Amino acid sequence: METILKEIGVETYLYLSALLFSIGVFGILFRRNAIVMFMSIEIMLNAVNMMLVAFSTYHQDASGQVFVFFSMAVAAAEVAVGLAILVSIFRNHGSVDIDNLKNLKG
């Protein structure tokens with residue numbers, strides 16, 4: 001892995017991570033579907049995880065990779081709970097559109 005990192009360089013990972021994070025931010029800002037918003041959050045989280053692994057490999061310190069492992073475990077739990085909530089909302093209201101869910105206040 002170290003030889004690949006030396007050939008490609010950390011800068012390429014930084015640019016790719018910034019691109020993925022930007023795609024995730026635009027997905028959150030411009031899409032009103034809750035499932036697409038969850039996918040955008042996951043894209044953003046994976047972009048950060050990729051940067052942590054790249055810097056961890058570059059500095060030859062495994063602590064970043066361990067942090068990514070725990071971050072992925074928390075993300076999996078978040079997806080499971082979030083999708084369960086969305087399925088429940090869809091069964092009750094027939095839509096997962098964020099604009100329609102504003103009426104749930106109260």
# chains A, B, ... in the order shown; residues from 1 in each chain; ligands from 1
call {"tool": "residues_around", "arguments": {"residues": "segment 61-65 of chain A", "least_positions_apart": "5", "cutoff": "7 Å", "atoms": "only C-alpha atoms", "output": "list of chain:residue names"}}
result
A:Leu52, A:Val53, A:Ser56
call {"tool": "residues_around", "arguments": {"residues": "Val87 of chain A", "least_positions_apart": "5", "cutoff": "9 Å", "atoms": "only C-alpha atoms", "output": "list in words"}}
result
Gly82, Asn92 and Val96 of chain A
call {"tool": "residues_around", "arguments": {"residues": "Ser17 of chain A", "least_positions_apart": "5", "cutoff": "12 Å", "atoms": "only C-alpha atoms", "output": "ChimeraX atom specification"}}
result
/A:10-12,22-24,43-55
call {"tool": "write_last_selection", "arguments": {"atoms": "N, CA and C atoms", "output": "PDB file, in the first residue's frame"}}
result
ATOM      1  N   VAL A  10      -0.566  11.688  -1.791  1.00  0.00           N
ATOM      2  CA  VAL A  10      -1.655  12.012  -0.872  1.00  0.00           C
ATOM      3  C   VAL A  10      -2.559  13.082  -1.474  1.00  0.00           C
ATOM      4  N   GLU A  11      -2.013  13.929  -2.332  1.00  0.00           N
ATOM      5  CA  GLU A  11      -2.806  15.010  -2.913  1.00  0.00           C
ATOM      6  C   GLU A  11      -3.986  14.482  -3.716  1.00  0.00           C
ATOM      7  N   THR A  12      -3.777  13.377  -4.420  1.00  0.00           N
ATOM      8  CA  THR A  12      -4.859  12.796  -5.209  1.00  0.00           C
ATOM      9  C   THR A  12      -5.982  12.315  -4.308  1.00  0.00           C
ATOM     10  N   SER A  22     -17.996  17.098  -1.425  1.00  0.00           N
ATOM     11  CA  SER A  22     -18.813  18.127  -2.079  1.00  0.00           C
ATOM     12  C   SER A  22     -20.066  17.527  -2.705  1.00  0.00           C
ATOM     13  N   ILE A  23     -19.947  16.366  -3.306  1.00  0.00           N
ATOM     14  CA  ILE A  23     -21.120  15.691  -3.871  1.00  0.00           C
ATOM     15  C   ILE A  23     -22.126  15.385  -2.761  1.00  0.00           C
ATOM     16  N   GLY A  24     -21.637  14.945  -1.613  1.00  0.00           N
ATOM     17  CA  GLY A  24     -22.517  14.675  -0.489  1.00  0.00           C
ATOM     18  C   GLY A  24     -23.204  15.925   0.027  1.00  0.00           C
ATOM     19  N   ILE A  43     -21.924   9.220   1.807  1.00  0.00           N
ATOM     20  CA  ILE A  43     -20.848   9.620   0.891  1.00  0.00           C
ATOM     21  C   ILE A  43     -19.882  10.560   1.600  1.00  0.00           C
ATOM     22  N   MET A  44     -20.429  11.507   2.358  1.00  0.00           N
ATOM     23  CA  MET A  44     -19.579  12.432   3.097  1.00  0.00           C
ATOM     24  C   MET A  44     -18.745  11.700   4.142  1.00  0.00           C
ATOM     25  N   LEU A  45     -19.356  10.765   4.842  1.00  0.00           N
ATOM     26  CA  LEU A  45     -18.633   9.997   5.855  1.00  0.00           C
ATOM     27  C   LEU A  45     -17.539   9.139   5.222  1.00  0.00           C
ATOM     28  N   ASN A  46     -17.824   8.542   4.080  1.00  0.00           N
ATOM     29  CA  ASN A  46     -16.807   7.739   3.402  1.00  0.00           C
ATOM     30  C   ASN A  46     -15.664   8.594   2.867  1.00  0.00           C
ATOM     31  N   ALA A  47     -15.957   9.819   2.471  1.00  0.00           N
ATOM     32  CA  ALA A  47     -14.891  10.721   2.029  1.00  0.00           C
ATOM     33  C   ALA A  47     -13.940  11.033   3.177  1.00  0.00           C
ATOM     34  N   VAL A  48     -14.497  11.290   4.343  1.00  0.00           N
ATOM     35  CA  VAL A  48     -13.655  11.560   5.518  1.00  0.00           C
ATOM     36  C   VAL A  48     -12.872  10.309   5.909  1.00  0.00           C
ATOM     37  N   ASN A  49     -13.516   9.155   5.846  1.00  0.00           N
ATOM     38  CA  ASN A  49     -12.810   7.909   6.178  1.00  0.00           C
ATOM     39  C   ASN A  49     -11.661   7.646   5.217  1.00  0.00           C
ATOM     40  N   MET A  50     -11.868   7.939   3.939  1.00  0.00           N
ATOM     41  CA  MET A  50     -10.801   7.735   2.961  1.00  0.00           C
ATOM     42  C   MET A  50      -9.614   8.646   3.267  1.00  0.00           C
ATOM     43  N   MET A  51      -9.883   9.880   3.667  1.00  0.00           N
ATOM     44  CA  MET A  51      -8.791  10.787   4.010  1.00  0.00           C
ATOM     45  C   MET A  51      -8.058  10.309   5.260  1.00  0.00           C
ATOM     46  N   LEU A  52      -8.807   9.820   6.249  1.00  0.00           N
ATOM     47  CA  LEU A  52      -8.157   9.306   7.456  1.00  0.00           C
ATOM     48  C   LEU A  52      -7.244   8.130   7.140  1.00  0.00           C
ATOM     49  N   VAL A  53      -7.685   7.230   6.284  1.00  0.00           N
ATOM     50  CA  VAL A  53      -6.857   6.078   5.922  1.00  0.00           C
ATOM     51  C   VAL A  53      -5.635   6.525   5.125  1.00  0.00           C
ATOM     52  N   ALA A  54      -5.822   7.470   4.208  1.00  0.00           N
ATOM     53  CA  ALA A  54      -4.689   7.943   3.400  1.00  0.00           C
ATOM     54  C   ALA A  54      -3.635   8.618   4.282  1.00  0.00           C
ATOM     55  N   PHE A  55      -4.060   9.485   5.190  1.00  0.00           N
ATOM     56  CA  PHE A  55      -3.091  10.138   6.071  1.00  0.00           C
ATOM     57  C   PHE A  55      -2.473   9.157   7.064  1.00  0.00           C
TER      58      PHE A  55
END
call {"tool": "atom_distance", "arguments": {"atom1": "atom CA of Val25 of chain A", "atom2": "atom CA of Phe90 of chain A"}}
result
24.4 Å
call {"tool": "atom_distance", "arguments": {"atom1": "atom CA of Leu20 of chain A", "atom2": "atom CA of Asp97 of chain A"}}
result
23.8 Å
call {"tool": "closest_residue", "arguments": {"among": "A:Ala18, A:Ile4, A:Ala73, A:Val36", "to": "Tyr58 of chain A", "atoms": "only C-alpha atoms"}}
result
A:Ile4
call {"tool": "closest_residue", "arguments": {"among": "A:Leu14, A:Ile28, A:Leu19, A:Ala34", "to": "Leu83 of chain A", "atoms": "only C-alpha atoms"}}
result
A:Ala34
call {"tool": "select_by_dssp", "arguments": {"residues": "chain A", "states": "alpha helix (DSSP H)", "output": "VMD selection string"}}
result
chain A and resid 2 to 8 10 to 30 34 to 58 63 to 93 98 to 101
call {"tool": "closest_residue", "arguments": {"among": "A:Ile35, A:Ala77, A:Val68, A:Ile41", "to": "Ile89 of chain A", "atoms": "only C-alpha atoms"}}
result
A:Ile35
call {"tool": "atom_distance", "arguments": {"atom1": "atom CA of Phe67 of chain A", "atom2": "atom CA of Phe26 of chain A"}}
result
25.9 Å
call {"tool": "residues_around", "arguments": {"residues": "Asp99 of chain A", "least_positions_apart": "2", "cutoff": "12 Å", "atoms": "only C-alpha atoms", "output": "JSON, numbers by chain"}}
result
{"A": [31, 32, 33, 34, 95, 96, 97, 101, 102, 103, 104]}
